[in-house]
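Each remark here refers to the structure printed beneath this line.
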Amino acid sequence: MRSAAGSRGSLVGRSVELKVLHELTGEAQAGRGGALVVRGEAGIGKSTLLAHARDAASGVRVIHVAGAEFERELPYSALHQLCVPVLGHLADLPPRHADALRIAFGLAKGTPDLFHIGVATLGLLAAAARVRPLLCVVDDAHWLDAASARALTFVGRRVATEPIAMVFALRSPASDELHELPGLDLTGLTDAEARTVLAGRRHLVLDEQVLSRLLAEARGNPLALLELPEAGGFGPPDTSPVPTRIERSFRDRLSALPDDARLLLTAASADPTGDATLVWPAAQLLGIDVPTASAGVAATGLVEFAADIRFCHPLARSAVYRAASARERQRAHRALAEATNAGTDPDRRAWHRAQATVGPDDDVAAELVRSATRARSRGGVVAAAAFLERAAELSLDPAGRLERTFAAAHAALVAGRPDRAAILVRAVEHTGLDEFQLAHADLLRGQVAFQSHRDENGPEFMIHAGRRLAGLDPERARRCFLDAIETSLLVGRASGVLDLVLAAVRSVPATASRPPDVLDALGLLNSAGHRSAIPLIRQVLDGRHGSGRPGWIEHPALALMLAAEIWDPHRYAAIVEWLVRTGRESGSPLLLRLGLAQAGSYGALTADPGLAMASIAEEEAIADAIGGPPMPYHRIHLAALRGRRAEALALFEKATVAATTSGSGLLTGNIDWASAVLFNGLADYPAALAAARRAVADGTLFLASFSLPELVEAAVRCGDSEAASSALESLVERADASGTATGLGIAAYARGMVTGSEEQYRTAVAHLERSPLSAYRARAHLVYGEWLRREGRRRDCRAHLRTAHRLLSEAGFEAFARRAAVELRASGERPRHRSPQTYDQLTIQELHIARLVAAGATSGEVAAQLFISPRTVDTHLRNIFRKLGINSRRQLRHRSDLGA
């Protein structure tokens, strides 16, 4: 039933908005989709516009979805509404995507592939749109459950190449999870337009004074213009917000209804599905005379009883629910719970039972815990947190209440709601907890702090948990300490954490039978230096002692830092390969994104820009799929080596803002190291020296070591022999202890720069021929060639400068390549002009698609990996072919410059 707001009059003054909606639908019919979010206060006319878009759409299939206030905790409930009409196309999807949707909707058992649900939905809608263009109308989007909102935002950003139009109506002000989509803000009508609306209501006869005050109080809100006169609202001026007054006008219609009719309305408002087959049995359980009560309710115009039960406006539903007494709401929920099928809809039944329960009830609490388990298995972490929190409230047993409160706090953290988790922990921290429970609370507080940009105490809380456990469970205490380091690295706030952990470790009693672990290695590194610690670091990374498991399994971020710290790119690459493979196999976005970010950095250092850019593209696609920001580290590293000043500095500035906002000292350290590399490439040695000094002084694993050669080079060029010698001493100590070709080679060319020893340059080139880090091999040839030219050995220098220029040019390291070119010209030789490389002509995403297609991937396979539609892949391919001057996939496979 159309609401009062949906009357003809409420379209007055909306010609611009109607044109936008008509254009959106027309574009979809032409195969060019799009999304639009219509925002405005309650009653402003959003639902009316959507209803008009539905009615006016010809030649398209319309799917209508409505968010529901009381369904916000049920995962994928709104997405299920959207997909049900087109589920017949599931067979058109890749099996992995079809399974993800079946599991998310409870049609199959298992754990959904969370970051494939969005692209699976896109594929399902695209398959249906091939038959007939789609218009997807999502009303009351401010009440979407979080999982559906993420998936629909994902789809809305990707329908540009599909015959699909998506229109959302969203109340503002509200928490807006759809902010990334194009928006249209509805404002109030002008006085003239408002008078036109009222003039259309012929039964209203208002004198000018009353009319003027009505216009002032409605403030251009169309629903207010239609509802307030019905409420007889001509008393003293009301200063309450317009939506509140409208809701009160709906509530006033209830006053004359008999008890049965009010109770029927309450039951209808308490179940957001509008399912008449549920509400009618519930009404009978309440002892309501359904025919009489429904006739009385229908006369109010608040609700329409048909195949579905629909309120005239969302505000009417909330007005009815809030007008009922607590006892009436509980009776309604109890009846709805009894009428709900426990076998087919156990979670909705559990939720209704919970709302019907006043005091503790362990039976209902246990049912909610089971619902939380089901919700979590389907990716509904928000729902799981809500179920567990209510279960804790209803738990009679104190131990059960505590366990469920901790579980609810953990679920809230996973759902990205640290503030709620903190409230739950605070609720139990003064209830006589034992040391184990206090340690658990400290761990949760630490995780809350890590998720919060405002709280830097995460490591301290986790370390405190370890101290509590030191005398009770030493092994668990050590895990707390390691988790503090690992989590600090993952969230980018690792500065100073290692020192805090090592100080705390000394409070843990020694266990004679315990084999050495990574904490022992870190302690030895801190106290005795690299020469003593590196053998133990290698041992713990390899995971010896008969476990058969690599040591990086439990703490991969720390393992990566240690592998880089000991100049061991082969171990580093092995960890990266494991992370990417395991992330793909397990469906873990965290592992896969970490692996791809590190693969991007490794691609930069190995002078493989194709790998670096492909890793960046895929990590960004996954971040987008799960609704998070992309990781910045690998982009920063690649930009530094590519040496495009303006591009790199803009990226560094953006990253600096992010680091300042989030308190990420690790990101700041990466920016300093990357700045040193960039400025050394640009021959801006004073800037490089300042950046390298900051990075070395920070002392972060990996970053300090890798910044030392930058510091040596910048200091030598600036004539600061003391800084150069000091940095060289530290670099040599680390490199000699590592014994790797990479470490020894980098230290050798740094020593050559400080001492002017040709033998050191030759040693560097020889070592780095055996290192996968081609960026440093190229730089060794560069500094050796520069030294030879300055020694007046023009003929000897050319071979090294040619090699450096070729390697650096092929890798796209433009600044360093220009340095080599300048030196070659100074030696009397003209550098060879570099042909454009594929990565110069294509965007990062286009390059990744080109690499995948060149390796034999189909459009569907590429779409699945990059979370886009096959049509979008084909659009990108047309652009790729045009830019590269080719016209087939076969020609793409023969391109030699796409990388491995």
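Following the order of the structure tokens, chains are lettered A, B, ..., residues in each are numbered from 1, and ligands are numbered from 1.
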
| request: Using only C-alpha atoms, determine which residues lie at most 7 Å from range 591-598 of chain A, disregarding the query and same-chain residues fewer than 5 positions distant; provide the list as a PyMOL selection string. | output: chain A and resi 576+579-580+583-584+615-616+619+631+633-634

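When the distance limit is 8 Å and only C-alpha atoms are what count, the residues near Cys83 in chain A, minus those fewer than 3 positions from it on the same chain, are A:Leu79, A:His80, A:Val86, A:Leu87, A:Thr121, A:Leu124, A:Leu125.
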
| request: For Tyr572 in chain A, list every protein, DNA or RNA residue within 7 Å, evaluated using only C-alpha atoms, and leave out those in the same chain fewer than 6 positions away; present the list as a ChimeraX atom specification. | output: /A:560,563-564

Produce a file of the selected residues containing C-alpha atoms, as a CSV table (one decimal), in the first residue's frame.
chain,number,residue,atom,x,y,z
A,560,LEU,CA,58.6,-11.4,7.9
A,563,ALA,CA,63.6,-12.5,7.7
A,564,ALA,CA,64.2,-9.0,6.4

Quick one: residues within 7 Å of range 445-455 of chain A, only C-alpha atoms counted, chain neighbours fewer than 3 positions away excluded, as a PDB file with all heavy atoms, in the first residue's frame?
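Result saved to part_19.pdb:
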ATOM      1  N   LEU A 413      34.407  -7.118  18.751  1.00  0.00           N
ATOM      2  CA  LEU A 413      35.709  -6.734  18.188  1.00  0.00           C
ATOM      3  C   LEU A 413      35.834  -7.206  16.747  1.00  0.00           C
ATOM      4  O   LEU A 413      36.260  -6.456  15.868  1.00  0.00           O
ATOM      5  CB  LEU A 413      36.839  -7.318  19.038  1.00  0.00           C
ATOM      6  CG  LEU A 413      37.189  -6.575  20.321  1.00  0.00           C
ATOM      7  CD1 LEU A 413      38.109  -7.424  21.181  1.00  0.00           C
ATOM      8  CD2 LEU A 413      37.861  -5.244  19.995  1.00  0.00           C
ATOM      9  N   PRO A 418      34.738  -1.762  18.553  1.00  0.00           N
ATOM     10  CA  PRO A 418      35.538  -1.795  19.784  1.00  0.00           C
ATOM     11  C   PRO A 418      34.876  -1.052  20.945  1.00  0.00           C
ATOM     12  O   PRO A 418      35.069  -1.418  22.103  1.00  0.00           O
ATOM     13  CB  PRO A 418      36.856  -1.131  19.366  1.00  0.00           C
ATOM     14  CG  PRO A 418      36.520  -0.307  18.173  1.00  0.00           C
ATOM     15  CD  PRO A 418      35.441  -1.060  17.458  1.00  0.00           C
ATOM     16  N   ALA A 421      32.594  -3.440  22.614  1.00  0.00           N
ATOM     17  CA  ALA A 421      33.379  -4.452  23.321  1.00  0.00           C
ATOM     18  C   ALA A 421      33.916  -3.890  24.630  1.00  0.00           C
ATOM     19  O   ALA A 421      33.918  -4.575  25.660  1.00  0.00           O
ATOM     20  CB  ALA A 421      34.528  -4.940  22.430  1.00  0.00           C
ATOM     21  N   ALA A 422      34.368  -2.634  24.614  1.00  0.00           N
ATOM     22  CA  ALA A 422      34.902  -2.021  25.830  1.00  0.00           C
ATOM     23  C   ALA A 422      33.833  -1.912  26.903  1.00  0.00           C
ATOM     24  O   ALA A 422      34.093  -2.151  28.094  1.00  0.00           O
ATOM     25  CB  ALA A 422      35.458  -0.638  25.499  1.00  0.00           C
ATOM     26  N   ALA A 441      40.329 -10.444  30.383  1.00  0.00           N
ATOM     27  CA  ALA A 441      39.818  -9.084  30.251  1.00  0.00           C
ATOM     28  C   ALA A 441      40.904  -8.145  29.727  1.00  0.00           C
ATOM     29  O   ALA A 441      40.642  -7.276  28.885  1.00  0.00           O
ATOM     30  CB  ALA A 441      39.293  -8.594  31.598  1.00  0.00           C
ATOM     31  N   ASP A 442      42.124  -8.312  30.205  1.00  0.00           N
ATOM     32  CA  ASP A 442      43.227  -7.478  29.728  1.00  0.00           C
ATOM     33  C   ASP A 442      43.491  -7.695  28.239  1.00  0.00           C
ATOM     34  O   ASP A 442      43.757  -6.738  27.494  1.00  0.00           O
ATOM     35  CB  ASP A 442      44.504  -7.776  30.524  1.00  0.00           C
ATOM     36  CG  ASP A 442      44.516  -7.092  31.889  1.00  0.00           C
ATOM     37  OD1 ASP A 442      43.813  -6.082  32.043  1.00  0.00           O
ATOM     38  OD2 ASP A 442      45.220  -7.580  32.793  1.00  0.00           O
ATOM     39  N   GLY A 458      47.198  -0.554  23.747  1.00  0.00           N
ATOM     40  CA  GLY A 458      46.986  -1.957  23.410  1.00  0.00           C
ATOM     41  C   GLY A 458      48.101  -2.874  23.848  1.00  0.00           C
ATOM     42  O   GLY A 458      47.864  -3.896  24.510  1.00  0.00           O
ATOM     43  N   PRO A 459      49.359  -2.563  23.519  1.00  0.00           N
ATOM     44  CA  PRO A 459      50.449  -3.446  23.944  1.00  0.00           C
ATOM     45  C   PRO A 459      50.525  -3.595  25.463  1.00  0.00           C
ATOM     46  O   PRO A 459      50.753  -4.699  25.976  1.00  0.00           O
ATOM     47  CB  PRO A 459      51.699  -2.746  23.394  1.00  0.00           C
ATOM     48  CG  PRO A 459      51.208  -1.888  22.285  1.00  0.00           C
ATOM     49  CD  PRO A 459      49.841  -1.450  22.682  1.00  0.00           C
ATOM     50  N   PHE A 461      48.158  -3.452  27.724  1.00  0.00           N
ATOM     51  CA  PHE A 461      47.116  -4.348  28.229  1.00  0.00           C
ATOM     52  C   PHE A 461      47.490  -5.811  27.987  1.00  0.00           C
ATOM     53  O   PHE A 461      47.335  -6.670  28.866  1.00  0.00           O
ATOM     54  CB  PHE A 461      45.772  -4.040  27.568  1.00  0.00           C
ATOM     55  CG  PHE A 461      45.057  -2.846  28.142  1.00  0.00           C
ATOM     56  CD1 PHE A 461      44.663  -1.801  27.318  1.00  0.00           C
ATOM     57  CD2 PHE A 461      44.776  -2.759  29.496  1.00  0.00           C
ATOM     58  CE1 PHE A 461      44.003  -0.695  27.838  1.00  0.00           C
ATOM     59  CE2 PHE A 461      44.117  -1.656  30.026  1.00  0.00           C
ATOM     60  CZ  PHE A 461      43.733  -0.617  29.194  1.00  0.00           C
ATOM     61  N   MET A 462      47.977  -6.114  26.764  1.00  0.00           N
ATOM     62  CA  MET A 462      48.299  -7.501  26.435  1.00  0.00           C
ATOM     63  C   MET A 462      49.517  -7.974  27.230  1.00  0.00           C
ATOM     64  O   MET A 462      49.584  -9.130  27.659  1.00  0.00           O
ATOM     65  CB  MET A 462      48.522  -7.642  24.930  1.00  0.00           C
ATOM     66  CG  MET A 462      47.284  -7.279  24.126  1.00  0.00           C
ATOM     67  SD  MET A 462      47.481  -7.476  22.345  1.00  0.00           S
ATOM     68  CE  MET A 462      47.049  -9.184  22.164  1.00  0.00           C
ATOM     69  N   VAL A 491      48.647  -3.897  13.014  1.00  0.00           N
ATOM     70  CA  VAL A 491      47.922  -2.624  13.001  1.00  0.00           C
ATOM     71  C   VAL A 491      48.855  -1.439  12.795  1.00  0.00           C
ATOM     72  O   VAL A 491      48.410  -0.304  12.751  1.00  0.00           O
ATOM     73  CB  VAL A 491      47.092  -2.423  14.289  1.00  0.00           C
ATOM     74  CG1 VAL A 491      46.122  -3.564  14.484  1.00  0.00           C
ATOM     75  CG2 VAL A 491      47.985  -2.272  15.514  1.00  0.00           C
ATOM     76  N   THR A 661      46.652   9.966  11.921  1.00  0.00           N
ATOM     77  CA  THR A 661      45.287   9.696  12.392  1.00  0.00           C
ATOM     78  C   THR A 661      45.215   8.412  13.186  1.00  0.00           C
ATOM     79  O   THR A 661      44.546   8.321  14.219  1.00  0.00           O
ATOM     80  CB  THR A 661      44.326   9.634  11.196  1.00  0.00           C
ATOM     81  OG1 THR A 661      44.390  10.860  10.475  1.00  0.00           O
ATOM     82  CG2 THR A 661      42.895   9.398  11.659  1.00  0.00           C
ATOM     83  N   SER A 662      45.915   7.383  12.689  1.00  0.00           N
ATOM     84  CA  SER A 662      45.815   6.057  13.310  1.00  0.00           C
ATOM     85  C   SER A 662      46.882   5.804  14.360  1.00  0.00           C
ATOM     86  O   SER A 662      46.851   4.780  15.047  1.00  0.00           O
ATOM     87  CB  SER A 662      45.929   4.975  12.227  1.00  0.00           C
ATOM     88  OG  SER A 662      47.205   5.006  11.606  1.00  0.00           O
ATOM     89  N   GLY A 663      47.856   6.709  14.493  1.00  0.00           N
ATOM     90  CA  GLY A 663      48.946   6.473  15.426  1.00  0.00           C
ATOM     91  C   GLY A 663      49.884   5.385  14.973  1.00  0.00           C
ATOM     92  O   GLY A 663      50.507   4.705  15.793  1.00  0.00           O
TER      93      GLY A 663
END

| request: Just give me the gap between CA of Leu82 in chain A and CA of Thr875 in chain A in Å, one decimal is fine. | output: 26.3 Å

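Reported to one decimal place, the separation of CA of Glu769 in chain A from CA of Thr755 in chain A is 22.0 Å.
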
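Ranking A:Asn457, A:Ala557, A:Ile566, A:Val754 by their shortest atom-to-atom distance to Ile537 in chain A, with only C-alpha atoms included, puts A:Ile566 first.
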
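The shortest atom-to-atom distance to Ser757 in chain A, with only C-alpha atoms taken into account, belongs to A:Leu788 out of A:Ala141, A:Ala614, A:Ala683, A:Leu788.
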
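Surrounding range 821-838 of chain A within 7 Å are Glu786, Arg789, Arg794, Arg798, Leu801, His805, Ser809, Ala817, Leu842, Asp897 and Leu898 of chain A, with only C-alpha atoms counted and residues fewer than 4 positions along the same chain left out.
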
| message | Residues within 12 Å of Ala688 in chain A, please, as a VMD selection string. Count only C-alpha atoms; anything in the same chain fewer than 4 positions from it doesn't count. | response | chain A and resid 640 671 to 684 692 to 695 707 to 718

Take the residues from that selection and write them out as a CSV table (one decimal), in the first residue's frame, keeping N, CA, C and O atoms.
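The resulting result.csv:
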chain,number,residue,atom,x,y,z
A,640,ALA,N,58.6,4.7,-4.1
A,640,ALA,CA,60.0,5.2,-3.8
A,640,ALA,C,61.0,4.7,-4.9
A,640,ALA,O,61.8,5.5,-5.3
A,671,ILE,N,57.5,5.3,5.6
A,671,ILE,CA,57.5,6.5,4.8
A,671,ILE,C,58.9,7.1,4.9
A,671,ILE,O,59.5,7.6,3.9
A,672,ASP,N,59.6,7.1,6.1
A,672,ASP,CA,60.9,7.6,6.2
A,672,ASP,C,61.9,6.8,5.3
A,672,ASP,O,62.8,7.4,4.6
A,673,TRP,N,61.8,5.5,5.4
A,673,TRP,CA,62.7,4.6,4.6
A,673,TRP,C,62.5,4.9,3.1
A,673,TRP,O,63.4,5.1,2.3
A,674,ALA,N,61.2,4.9,2.7
A,674,ALA,CA,60.8,5.1,1.3
A,674,ALA,C,61.3,6.5,0.8
A,674,ALA,O,61.8,6.7,-0.3
A,675,SER,N,61.2,7.5,1.7
A,675,SER,CA,61.7,8.8,1.4
A,675,SER,C,63.2,8.9,1.1
A,675,SER,O,63.7,9.5,0.2
A,676,ALA,N,63.9,8.1,2.0
A,676,ALA,CA,65.3,8.1,1.8
A,676,ALA,C,65.7,7.5,0.4
A,676,ALA,O,66.6,7.9,-0.3
A,677,VAL,N,65.0,6.4,0.1
A,677,VAL,CA,65.2,5.7,-1.2
A,677,VAL,C,64.9,6.7,-2.4
A,677,VAL,O,65.7,6.9,-3.3
A,678,LEU,N,63.7,7.3,-2.3
A,678,LEU,CA,63.3,8.3,-3.3
A,678,LEU,C,64.3,9.4,-3.5
A,678,LEU,O,64.7,9.7,-4.6
A,679,PHE,N,64.7,10.0,-2.4
A,679,PHE,CA,65.6,11.2,-2.5
A,679,PHE,C,67.0,10.8,-2.9
A,679,PHE,O,67.7,11.5,-3.6
A,680,ASN,N,67.5,9.6,-2.6
A,680,ASN,CA,68.8,9.1,-3.1
A,680,ASN,C,68.7,8.9,-4.6
A,680,ASN,O,69.6,9.2,-5.3
A,681,GLY,N,67.5,8.4,-5.1
A,681,GLY,CA,67.4,8.2,-6.5
A,681,GLY,C,67.3,9.5,-7.2
A,681,GLY,O,67.9,9.7,-8.3
A,682,LEU,N,66.7,10.5,-6.6
A,682,LEU,CA,66.6,11.9,-7.2
A,682,LEU,C,67.9,12.7,-7.0
A,682,LEU,O,67.9,13.8,-7.4
A,683,ALA,N,68.9,12.1,-6.3
A,683,ALA,CA,70.1,12.8,-6.0
A,683,ALA,C,69.9,14.1,-5.1
A,683,ALA,O,70.7,15.0,-5.1
A,684,ASP,N,68.8,14.0,-4.3
A,684,ASP,CA,68.5,15.1,-3.3
A,684,ASP,C,69.1,14.5,-2.0
A,684,ASP,O,68.3,14.1,-1.1
A,692,ALA,N,66.7,9.1,6.2
A,692,ALA,CA,67.3,7.9,6.6
A,692,ALA,C,67.7,7.9,8.1
A,692,ALA,O,67.6,6.9,8.8
A,693,ARG,N,68.1,9.1,8.6
A,693,ARG,CA,68.4,9.2,10.0
A,693,ARG,C,67.2,8.9,10.8
A,693,ARG,O,67.2,8.3,11.9
A,694,ARG,N,66.0,9.5,10.4
A,694,ARG,CA,64.8,9.2,11.2
A,694,ARG,C,64.5,7.7,11.2
A,694,ARG,O,64.1,7.2,12.2
A,695,ALA,N,64.6,7.1,10.0
A,695,ALA,CA,64.3,5.7,10.0
A,695,ALA,C,65.2,4.8,10.8
A,695,ALA,O,64.7,3.9,11.5
A,707,SER,N,67.5,0.8,6.1
A,707,SER,CA,67.7,2.3,5.9
A,707,SER,C,69.2,2.6,6.1
A,707,SER,O,69.7,3.7,5.7
A,708,LEU,N,70.0,1.7,6.6
A,708,LEU,CA,71.4,1.9,6.8
A,708,LEU,C,72.2,2.2,5.5
A,708,LEU,O,73.0,3.2,5.4
A,709,PRO,N,72.0,1.4,4.4
A,709,PRO,CA,72.7,1.7,3.2
A,709,PRO,C,72.2,3.1,2.6
A,709,PRO,O,73.0,3.7,1.9
A,710,GLU,N,71.0,3.4,2.8
A,710,GLU,CA,70.5,4.7,2.3
A,710,GLU,C,71.2,5.8,3.1
A,710,GLU,O,71.6,6.9,2.5
A,711,LEU,N,71.4,5.6,4.4
A,711,LEU,CA,72.1,6.6,5.2
A,711,LEU,C,73.6,6.8,4.8
A,711,LEU,O,74.1,7.9,4.7
A,712,VAL,N,74.2,5.6,4.5
A,712,VAL,CA,75.6,5.7,4.1
A,712,VAL,C,75.7,6.5,2.8
A,712,VAL,O,76.6,7.4,2.7
A,713,GLU,N,74.9,6.1,1.8
A,713,GLU,CA,75.0,6.8,0.5
A,713,GLU,C,74.7,8.3,0.6
A,713,GLU,O,75.5,9.1,0.1
A,714,ALA,N,73.7,8.7,1.4
A,714,ALA,CA,73.3,10.1,1.5
A,714,ALA,C,74.4,10.8,2.3
A,714,ALA,O,74.8,12.0,1.9
A,715,ALA,N,75.0,10.2,3.3
A,715,ALA,CA,76.0,10.9,4.1
A,715,ALA,C,77.3,11.1,3.3
A,715,ALA,O,77.9,12.1,3.4
A,716,VAL,N,77.7,10.1,2.5
A,716,VAL,CA,78.9,10.2,1.7
A,716,VAL,C,78.7,11.3,0.7
A,716,VAL,O,79.6,12.2,0.5
A,717,ARG,N,77.5,11.4,0.1
A,717,ARG,CA,77.3,12.5,-0.9
A,717,ARG,C,77.2,13.9,-0.3
A,717,ARG,O,77.6,14.9,-0.9
A,718,CYS,N,76.8,13.9,1.0
A,718,CYS,CA,76.7,15.2,1.7
A,718,CYS,C,78.0,15.5,2.4
A,718,CYS,O,78.1,16.6,3.0

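By chain and then residue number, the residues within 6 Å of Ile844 in chain A are Met613, Ala617, Glu846 and Leu847 of chain A, counting only C-alpha atoms and disregarding those fewer than 2 positions away in sequence.
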
| Hey, what does DSSP flag as helix (DSSP H, G or I) within range 317-565 of chain A? Can you give it to me as a PyMOL selection string? | chain A and resi 317-323+326-339+346-356+362-377+381-394+398-414+418-428+435-451+458-469+474-491+497-505+518-528+530-542+556-565

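Taking only C-alpha atoms into account, Leu285 in chain A lies nearest to A:Ala332 out of the set A:Leu638, A:Ala477, A:Ala332, A:Ala409.
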